[in-house]
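The file data-v4.pdb contains PDB, C-alpha atoms, pLDDT in the B column:
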```
ATOM      1  CA  MET V   6       8.168  -6.475  -8.860  1.00 94.00           C
ATOM      2  CA  ARG V   7       9.479  -4.122  -6.165  1.00 97.00           C
ATOM      3  CA  VAL V   8       7.188  -2.675  -3.495  1.00 98.00           C
ATOM      4  CA  LEU V   9       7.938  -0.098  -0.832  1.00 98.00           C
ATOM      5  CA  VAL V  10       6.263  -0.556   2.549  1.00 98.00           C
ATOM      6  CA  VAL V  11       6.032   2.699   4.511  1.00 98.00           C
ATOM      7  CA  HIS V  12       5.253   2.571   8.217  1.00 98.00           C
ATOM      8  CA  GLY V  13       4.194   5.900   9.699  1.00 97.00           C
ATOM      9  CA  PRO V  14       4.629   7.551  13.075  1.00 96.00           C
ATOM     10  CA  ASN V  15       4.863   5.549  16.269  1.00 93.00           C
ATOM     11  CA  LEU V  16       4.967   2.197  14.485  1.00 95.00           C
ATOM     12  CA  ASN V  17       8.557   1.907  15.682  1.00 95.00           C
ATOM     13  CA  LEU V  18       6.957   1.320  19.118  1.00 93.00           C
ATOM     14  CA  LEU V  19       4.978  -1.748  18.046  1.00 91.00           C
ATOM     15  CA  GLY V  20       5.038  -4.424  20.718  1.00 90.00           C
ATOM     16  CA  GLU V  21       5.254  -1.786  23.446  1.00 90.00           C
ATOM     17  CA  ARG V  22       2.563   0.760  22.538  1.00 85.00           C
ATOM     18  CA  GLN V  23      -1.002  -0.274  23.336  1.00 82.00           C
ATOM     19  CA  PRO V  24      -0.546  -4.012  22.760  1.00 81.00           C
ATOM     20  CA  GLU V  25      -4.281  -4.485  23.364  1.00 77.00           C
ATOM     21  CA  VAL V  26      -4.854  -2.467  20.160  1.00 76.00           C
ATOM     22  CA  TYR V  27      -1.765  -3.109  18.037  1.00 75.00           C
ATOM     23  CA  GLY V  28      -0.638  -6.510  19.311  1.00 78.00           C
ATOM     24  CA  THR V  29       2.674  -7.639  20.736  1.00 84.00           C
ATOM     25  CA  GLN V  30       4.531  -8.044  17.451  1.00 89.00           C
ATOM     26  CA  THR V  31       7.476  -5.641  17.133  1.00 95.00           C
ATOM     27  CA  LEU V  32       8.193  -3.638  13.999  1.00 96.00           C
ATOM     28  CA  ALA V  33      11.149  -5.927  13.239  1.00 97.00           C
ATOM     29  CA  GLU V  34       8.873  -8.961  13.537  1.00 96.00           C
ATOM     30  CA  LEU V  35       6.241  -7.290  11.363  1.00 97.00           C
ATOM     31  CA  ASP V  36       8.850  -6.475   8.713  1.00 98.00           C
ATOM     32  CA  ALA V  37      10.063 -10.092   8.793  1.00 98.00           C
ATOM     33  CA  ALA V  38       6.481 -11.338   8.293  1.00 97.00           C
ATOM     34  CA  ILE V  39       6.035  -8.902   5.404  1.00 98.00           C
ATOM     35  CA  ALA V  40       9.297 -10.082   3.835  1.00 98.00           C
ATOM     36  CA  ASP V  41       8.225 -13.725   4.156  1.00 97.00           C
ATOM     37  CA  GLY V  42       4.841 -13.002   2.580  1.00 97.00           C
ATOM     38  CA  ALA V  43       6.435 -10.963  -0.201  1.00 98.00           C
ATOM     39  CA  ARG V  44       8.885 -13.768  -0.969  1.00 97.00           C
ATOM     40  CA  GLU V  45       5.988 -16.219  -1.330  1.00 97.00           C
ATOM     41  CA  LEU V  46       4.347 -13.808  -3.788  1.00 97.00           C
ATOM     42  CA  GLY V  47       7.583 -13.291  -5.718  1.00 96.00           C
ATOM     43  CA  ILE V  48       7.770  -9.637  -4.678  1.00 97.00           C
ATOM     44  CA  GLU V  49      10.885  -7.765  -3.625  1.00 98.00           C
ATOM     45  CA  VAL V  50       9.957  -5.577  -0.680  1.00 98.00           C
ATOM     46  CA  VAL V  51      11.704  -2.759   1.146  1.00 98.00           C
ATOM     47  CA  CYS V  52      10.283  -1.636   4.503  1.00 98.00           C
ATOM     48  CA  ALA V  53      10.892   1.784   6.028  1.00 98.00           C
ATOM     49  CA  GLN V  54       9.488   3.606   9.052  1.00 98.00           C
ATOM     50  CA  TYR V  55       9.214   7.376   9.424  1.00 98.00           C
ATOM     51  CA  ASN V  56       7.865   9.474  12.268  1.00 97.00           C
ATOM     52  CA  SER V  57       7.745  12.712  10.272  1.00 97.00           C
ATOM     53  CA  GLU V  58       5.315  13.706   7.555  1.00 97.00           C
ATOM     54  CA  GLY V  59       8.007  15.221   5.339  1.00 97.00           C
ATOM     55  CA  ARG V  60      10.083  12.041   5.286  1.00 98.00           C
ATOM     56  CA  ILE V  61       7.005  10.009   4.320  1.00 98.00           C
ATOM     57  CA  ILE V  62       6.321  12.428   1.458  1.00 98.00           C
ATOM     58  CA  ASP V  63       9.958  12.286   0.336  1.00 98.00           C
ATOM     59  CA  ALA V  64       9.818   8.465   0.355  1.00 98.00           C
ATOM     60  CA  LEU V  65       6.623   8.485  -1.709  1.00 98.00           C
ATOM     61  CA  HIS V  66       8.114  10.886  -4.252  1.00 98.00           C
ATOM     62  CA  ALA V  67      11.235   8.736  -4.586  1.00 97.00           C
ATOM     63  CA  ALA V  68       9.151   5.538  -4.864  1.00 98.00           C
ATOM     64  CA  ARG V  69       7.690   6.563  -8.215  1.00 95.00           C
ATOM     65  CA  ASN V  70      11.077   5.975  -9.837  1.00 94.00           C
ATOM     66  CA  ASP V  71      12.051   2.736  -8.115  1.00 95.00           C
ATOM     67  CA  TYR V  72       8.931   0.769  -7.164  1.00 97.00           C
ATOM     68  CA  ALA V  73       5.881  -0.729  -8.849  1.00 96.00           C
ATOM     69  CA  GLY V  74       3.706   0.113  -5.848  1.00 97.00           C
ATOM     70  CA  VAL V  75       3.555   1.173  -2.218  1.00 98.00           C
ATOM     71  CA  VAL V  76       1.913  -0.245   0.876  1.00 98.00           C
ATOM     72  CA  ILE V  77       1.477   2.502   3.447  1.00 98.00           C
ATOM     73  CA  ASN V  78       0.335   2.686   7.035  1.00 97.00           C
ATOM     74  CA  PRO V  79       0.267   6.450   7.565  1.00 96.00           C
ATOM     75  CA  GLY V  80      -0.536   6.060  11.268  1.00 92.00           C
ATOM     76  CA  ALA V  81      -2.222   9.139  12.711  1.00 90.00           C
ATOM     77  CA  TYR V  82      -1.424  11.086   9.527  1.00 92.00           C
ATOM     78  CA  THR V  83      -4.223   9.016   7.965  1.00 91.00           C
ATOM     79  CA  HIS V  84      -6.764  11.279   9.574  1.00 89.00           C
ATOM     80  CA  TYR V  85      -5.460  14.713   8.651  1.00 87.00           C
ATOM     81  CA  SER V  86      -2.515  14.719   6.236  1.00 95.00           C
ATOM     82  CA  TYR V  87      -3.717  16.167   2.977  1.00 97.00           C
ATOM     83  CA  ALA V  88      -0.029  16.550   2.099  1.00 97.00           C
ATOM     84  CA  ILE V  89       0.473  12.762   2.205  1.00 97.00           C
ATOM     85  CA  ALA V  90      -2.798  12.267   0.293  1.00 97.00           C
ATOM     86  CA  ASP V  91      -1.549  14.689  -2.372  1.00 97.00           C
ATOM     87  CA  ALA V  92       1.791  12.867  -2.573  1.00 98.00           C
ATOM     88  CA  ILE V  93       0.032   9.519  -3.025  1.00 97.00           C
ATOM     89  CA  ALA V  94      -2.139  10.991  -5.781  1.00 97.00           C
ATOM     90  CA  ALA V  95       0.873  12.558  -7.499  1.00 97.00           C
ATOM     91  CA  ILE V  96       3.228   9.602  -7.801  1.00 97.00           C
ATOM     92  CA  GLY V  97       1.363   7.618 -10.463  1.00 95.00           C
ATOM     93  CA  ILE V  98       1.912   4.159  -8.962  1.00 97.00           C
ATOM     94  CA  PRO V  99      -0.659   2.125  -7.028  1.00 97.00           C
ATOM     95  CA  VAL V 100      -0.738   2.584  -3.269  1.00 97.00           C
ATOM     96  CA  VAL V 101      -2.647   0.446  -0.774  1.00 97.00           C
ATOM     97  CA  GLU V 102      -3.345   1.779   2.718  1.00 96.00           C
ATOM     98  CA  VAL V 103      -3.055  -0.661   5.624  1.00 97.00           C
ATOM     99  CA  HIS V 104      -3.963  -0.397   9.297  1.00 94.00           C
ATOM    100  CA  LEU V 105      -3.203  -3.040  11.909  1.00 90.00           C
ATOM    101  CA  SER V 106      -6.298  -2.184  13.943  1.00 83.00           C
ATOM    102  CA  ASN V 107      -9.862  -1.834  12.724  1.00 80.00           C
ATOM    103  CA  VAL V 108      -9.995   1.942  12.516  1.00 78.00           C
ATOM    104  CA  ALA V 109     -13.768   1.845  11.846  1.00 68.00           C
ATOM    105  CA  ALA V 110     -14.294   0.366  15.314  1.00 60.00           C
ATOM    106  CA  ARG V 111     -12.160   2.930  17.141  1.00 66.00           C
ATOM    107  CA  GLU V 112     -12.518   6.558  18.212  1.00 67.00           C
ATOM    108  CA  ALA V 113     -14.633   8.747  15.920  1.00 67.00           C
ATOM    109  CA  PHE V 114     -11.640  10.763  14.652  1.00 65.00           C
ATOM    110  CA  ARG V 115      -9.921   7.538  13.521  1.00 66.00           C
ATOM    111  CA  ARG V 116     -12.863   6.530  11.340  1.00 65.00           C
ATOM    112  CA  VAL V 117     -12.006   9.144   8.710  1.00 76.00           C
ATOM    113  CA  SER V 118      -9.082   8.634   6.355  1.00 87.00           C
ATOM    114  CA  VAL V 119      -8.081  11.561   4.169  1.00 91.00           C
ATOM    115  CA  THR V 120      -5.364   9.438   2.563  1.00 93.00           C
ATOM    116  CA  ALA V 121      -7.536   6.451   1.559  1.00 92.00           C
ATOM    117  CA  ALA V 122      -9.248   8.302  -1.290  1.00 92.00           C
ATOM    118  CA  ALA V 123      -5.872   8.697  -3.023  1.00 95.00           C
ATOM    119  CA  CYS V 124      -5.134   4.972  -2.669  1.00 96.00           C
ATOM    120  CA  ARG V 125      -6.204   2.047  -4.863  1.00 95.00           C
ATOM    121  CA  GLY V 126      -7.622   0.337  -1.780  1.00 94.00           C
ATOM    122  CA  SER V 127      -7.290  -0.154   1.932  1.00 94.00           C
ATOM    123  CA  VAL V 128      -7.085  -3.007   4.436  1.00 96.00           C
ATOM    124  CA  SER V 129      -7.909  -2.514   8.097  1.00 92.00           C
ATOM    125  CA  GLY V 130      -8.100  -4.615  11.224  1.00 90.00           C
ATOM    126  CA  LEU V 131      -6.302  -7.748  10.072  1.00 91.00           C
ATOM    127  CA  GLY V 132      -2.979  -7.137  11.774  1.00 89.00           C
ATOM    128  CA  ALA V 133       0.137  -8.181   9.893  1.00 92.00           C
ATOM    129  CA  HIS V 134      -1.954 -10.210   7.464  1.00 95.00           C
ATOM    130  CA  GLY V 135      -3.323  -6.936   6.082  1.00 96.00           C
ATOM    131  CA  TYR V 136       0.107  -6.092   4.703  1.00 97.00           C
ATOM    132  CA  ILE V 137       0.271  -9.448   2.895  1.00 98.00           C
ATOM    133  CA  LEU V 138      -3.191  -8.885   1.420  1.00 97.00           C
ATOM    134  CA  ALA V 139      -2.065  -5.448   0.242  1.00 98.00           C
ATOM    135  CA  LEU V 140       1.017  -6.970  -1.418  1.00 98.00           C
ATOM    136  CA  GLN V 141      -1.143  -9.592  -3.082  1.00 97.00           C
ATOM    137  CA  ALA V 142      -3.480  -6.893  -4.397  1.00 97.00           C
ATOM    138  CA  LEU V 143      -0.551  -4.890  -5.770  1.00 97.00           C
ATOM    139  CA  SER V 144       0.783  -7.989  -7.522  1.00 95.00           C
ATOM    140  CA  GLU V 145      -2.560  -8.337  -9.324  1.00 93.00           C
ATOM    141  CA  ILE V 146      -3.075  -4.671 -10.313  1.00 84.00           C
ATOM    142  CA  PRO V 147      -2.005  -3.980 -13.894  1.00 71.00           C
ATOM    143  CA  PRO V 148       0.853  -1.484 -14.052  1.00 61.00           C
ATOM    144  CA  TYR V 149      -0.107   2.132 -14.644  1.00 55.00           C
ATOM    145  CA  ILE V 150       0.959   3.344 -18.068  1.00 49.00           C
ATOM    146  CA  PRO V 151       0.506   7.104 -18.538  1.00 49.00           C
ATOM    147  CA  GLY V 152      -1.760   7.785 -21.504  1.00 49.00           C
ATOM    148  CA  ALA V 153      -3.018   4.181 -21.694  1.00 47.00           C
ATOM    149  CA  GLU V 154      -6.526   5.367 -20.898  1.00 48.00           C
ATOM    150  CA  ASP V 155      -6.476   7.180 -24.260  1.00 46.00           C
ATOM    151  CA  ILE V 156      -5.651   4.037 -26.272  1.00 45.00           C
ATOM    152  CA  GLY V 157      -8.565   2.928 -28.399  1.00 46.00           C
ATOM    153  CA  SER V 158     -10.645   6.037 -27.878  1.00 42.00           C
TER     154      SER V 158
END
```
So that I can check it, write out the structure of this file as structure tokens.
Amino acid sequence: MRVLVVHGPNLNLLGERQPEVYGTQTLAELDAAIADGARELGIEVVCAQYNSEGRIIDALHAARNDYAGVVINPGAYTHYSYAIADAIAAIGIPVVEVHLSNVAAREAFRRVSVTAAACRGSVSGLGAHGYILALQALSEIPPYIPGAEDIGS
């Protein structure tokens, strides 16, 4: 099983940006922890970070051909990117949204996710462990087979 992990805007500044909120782990360290967790689950994982909405959408579109699922932390796009939500809904593979911080306990605008409704699930507030939980969930979700919902009806 191959899974794409997409880190959104400003996650390249992990370890420097608001460590009281996001911790001191760098993006490279987070990716290494994700790779270790994926290996234990028998999952091949590719991690990528994008600061622009269009590149995230392009990565999601490409993922439908090469990956069994996606773990995404859309960063601030979580709260207003209907374009990313539409891309998630369009690709036909399971996507799990992850946030390092507990967005429900933060500023009011961060408590709303427009992308979560397009995802199979979401994990928030568990730091790097949230990514591992998302990978575990993806490993247990049956693959999507177009038209399968019509079988037996």
Q: Excluding Tyr85 (chain V) and any residue of its chain fewer than 6 positions from it, enumerate the residues within 9 Å of it, using all atoms listed in the file, and give them as a PyMOL selection string.
A: chain V and resi 117-120
Q: List, as a ChimeraX atom specification, every residue that the PyMOL selection byres ((chain V and resi 91-100) around 7) selects in the file provided.
A: /V:62,65-66,69,73-76,87-90,101-102,123-125,149
Q. Can you list, as a list of chain:residue names, every protein, DNA or RNA residue that comes within 10 Å of His134 (chain V) when you count all atoms listed in the file, leaving out same-chain residues fewer than 2 positions away?
A. V:Leu35, V:Ala38, V:Ile39, V:Gly42, V:Val103, V:Leu105, V:Val128, V:Ser129, V:Gly130, V:Leu131, V:Gly132, V:Tyr136, V:Ile137, V:Leu138, V:Ala139, V:Leu140
Q | Distance criterion (all atoms listed in the file): nearest to Ser144 (chain V) out of V:Leu18, V:Met6, V:Asp63, V:Asn78 | A |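 Looking only at the distances to Ser144 (chain V), the closest residue turns out to be V:Met6.
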Q: May I ask which of the residues V:Ile48, V:Val26, V:Val11, V:Val108 is the closest one to Ile61 (chain V), counting all atoms listed in the file?
A: V:Val11
Q: I would like the residues chosen by the PyMOL selection byres ((chain V and resi 30) around 10) on the shown file; could you give them as a PyMOL selection string?
A: chain V and resi 18-21+24+27-29+31-36+38+132-133
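From CA of Ala43 (chain V) back to CA of Arg22 (chain V), the distance works out to 25.9 Å.
Taking CA of Asn15 (chain V) and CA of Asp41 (chain V) as the two end points, the separation is 23.0 Å.
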Q) To one decimal place, how far is CA of His12 (chain V) from CA of Thr83 (chain V) in Å? A)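 If I compute the distance from CA of His12 (chain V) to CA of Thr83 (chain V), I get 11.5 Å.
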**Q.** From V:Asn107, V:Ser127, V:Asn17, V:Gln141, residue lying nearest Ile77 (chain V) [all atoms listed in the file]
**A.**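 So, comparing all the options, the nearest one is V:Ser127.
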